[in-house]
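File shown here: start.pdb, holding PDB, C-alpha atoms.
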ATOM      1  CA  MET A   7       0.000   0.000   0.000
ATOM      2  CA  ALA A   8       1.416   3.397  -0.939
ATOM      3  CA  ALA A   9       0.544   6.644   0.781
ATOM      4  CA  LEU A  10       0.317   9.845  -1.205
ATOM      5  CA  LYS A  11       0.755  12.925   0.943
ATOM      6  CA  THR A  12      -1.374  15.967   0.209
ATOM      7  CA  LYS A  13      -1.390  19.358   1.902
ATOM      8  CA  THR A  14      -4.399  18.511   4.038
ATOM      9  CA  ASN A  15      -4.262  14.760   4.686
ATOM     10  CA  MET A  16      -2.875  11.372   3.800
ATOM     11  CA  VAL A  17      -4.551   9.444   0.986
ATOM     12  CA  LYS A  18      -4.010   5.677   0.844
ATOM     13  CA  SER A  19      -3.865   4.026  -2.535
ATOM     14  CA  THR A  20      -3.113   0.427  -3.489
ATOM     15  CA  LEU A  21      -0.738  -0.083  -6.409
ATOM     16  CA  GLU A  22      -1.297  -2.743  -9.042
ATOM     17  CA  THR A  23       0.925  -4.016 -11.821
ATOM     18  CA  VAL A  24      -0.836  -3.879 -15.179
ATOM     19  CA  GLU A  25       0.245  -5.182 -18.570
ATOM     20  CA  LEU A  26      -0.377  -3.587 -21.948
ATOM     21  CA  VAL A  27      -2.669  -5.418 -24.339
ATOM     22  CA  GLY A  28      -0.909  -6.513 -27.488
ATOM     23  CA  ASN A  29       1.471  -8.900 -29.149
ATOM     24  CA  PRO A  30       4.531  -9.644 -26.939
ATOM     25  CA  ASN A  31       6.775  -8.295 -29.715
ATOM     26  CA  GLU A  32       4.870  -4.984 -29.721
ATOM     27  CA  ILE A  33       5.180  -4.265 -25.994
ATOM     28  CA  ILE A  34       8.965  -4.704 -25.654
ATOM     29  CA  GLY A  35      10.803  -1.562 -24.542
ATOM     30  CA  GLU A  36       9.410   1.623 -23.022
ATOM     31  CA  HIS A  37       5.970   3.013 -23.828
ATOM     32  CA  THR A  38       4.426   6.172 -22.378
ATOM     33  CA  LEU A  39       0.734   6.804 -21.787
ATOM     34  CA  PHE A  40      -0.670  10.207 -20.835
ATOM     35  CA  TYR A  41      -3.862   9.633 -18.856
ATOM     36  CA  LYS A  42      -5.825  12.112 -16.698
ATOM     37  CA  LYS A  43      -2.866  14.397 -15.974
ATOM     38  CA  ASN A  44      -0.666  11.363 -15.239
ATOM     39  CA  ILE A  45       2.276   9.993 -17.149
ATOM     40  CA  ILE A  46       2.443   6.203 -17.038
ATOM     41  CA  VAL A  47       5.625   4.533 -18.272
ATOM     42  CA  PHE A  48       5.372   0.893 -19.269
ATOM     43  CA  ILE A  49       8.644  -1.032 -19.321
ATOM     44  CA  ASN A  50       8.428  -4.226 -21.366
ATOM     45  CA  GLY A  51       4.652  -3.914 -21.192
ATOM     46  CA  LYS A  52       4.311  -3.523 -17.409
ATOM     47  CA  ALA A  53       3.635  -0.555 -15.103
ATOM     48  CA  LYS A  54       2.542   0.007 -11.511
ATOM     49  CA  VAL A  55      -0.501   2.240 -11.146
ATOM     50  CA  SER A  56      -3.168   2.931  -8.542
ATOM     51  CA  SER A  57      -6.107   0.530  -8.334
ATOM     52  CA  ASP A  58      -8.473   3.211  -9.646
ATOM     53  CA  THR A  59      -6.275   3.918 -12.660
ATOM     54  CA  ALA A  60      -5.836   0.191 -13.317
ATOM     55  CA  SER A  61      -9.612  -0.256 -13.323
ATOM     56  CA  ASP A  62     -10.074   2.668 -15.719
ATOM     57  CA  LEU A  63      -7.390   1.384 -18.099
ATOM     58  CA  ARG A  64      -8.983  -2.090 -18.100
ATOM     59  CA  LYS A  65     -12.400  -0.605 -18.947
ATOM     60  CA  LEU A  66     -10.772   1.217 -21.882
ATOM     61  CA  GLY A  67      -9.218  -2.044 -23.072
ATOM     62  CA  LEU A  68      -5.640  -0.764 -22.816
ATOM     63  CA  VAL A  69      -4.331  -3.222 -20.208
ATOM     64  CA  LYS A  70      -5.049  -6.706 -18.921
TER      65      LYS A  70
END
Re-express the file's structure as structure tokens.
Amino acid sequence: MAALKTKTNMVKSTLETVELVGNPNEIIGEHTLFYKKNIIVFINGKAKVSSDTASDLRKLGLVK
């Protein structure tokens, strides 16, 4: 569990590892996704993101 500190309080967020959808040959290397004012960097198809972001990306069909 990661804690993100804000000016007024602590917000707890669980991180999840997500994997890009696609052919294994297509996801090798670094890929960058700009999503809701966030920059997500996938390395060899994998990235750690908050549970909420992971859910959103799954709904959009971008990650498994």
Give me the result of the PyMOL selection byres ((chain A and resi 54) around 8) on this file, residue by residue, as a count of residues only.
-> 8
(request) For the file shown, report as a ChimeraX atom specification the outcome of the PyMOL selection byres ((chain A and resi 47) around 8) at residue level. (result) /A:36-39,45-46,48-49,53
In Å and to one decimal, atom CA of A:Val27 is distant from atom CA of A:Lys70 by 6.1 Å
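Computed from the coordinates, the atom CA of A:Ile34 to atom CA of A:Asp58 distance equals 25.0 Å.
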re atom CA of A:Thr59 and atom CA of A:Lys43: distance 11.5 Å
One residue among A:Asn31, A:Arg64, A:Val69, A:Glu25 is nearest to A:Gly51 when using only C-alpha atoms, and that residue is A:Glu25
Using all atoms listed in the file, the best pick from A:Gly35, A:Ser19, A:Leu26, A:Asn50 as closest to A:Leu68 would be A:Leu26
Stretch 33-48 of chain A, all listed atoms, 6 Å padding on each side: what axis-aligned box centre and edge lengths in Å to one decimal come out, as lines of an AutoDock Vina configuration file?
center_x = 2.5
center_y = 4.8
center_z = -20.6
size_x = 28.6
size_y = 31.1
size_z = 22.8
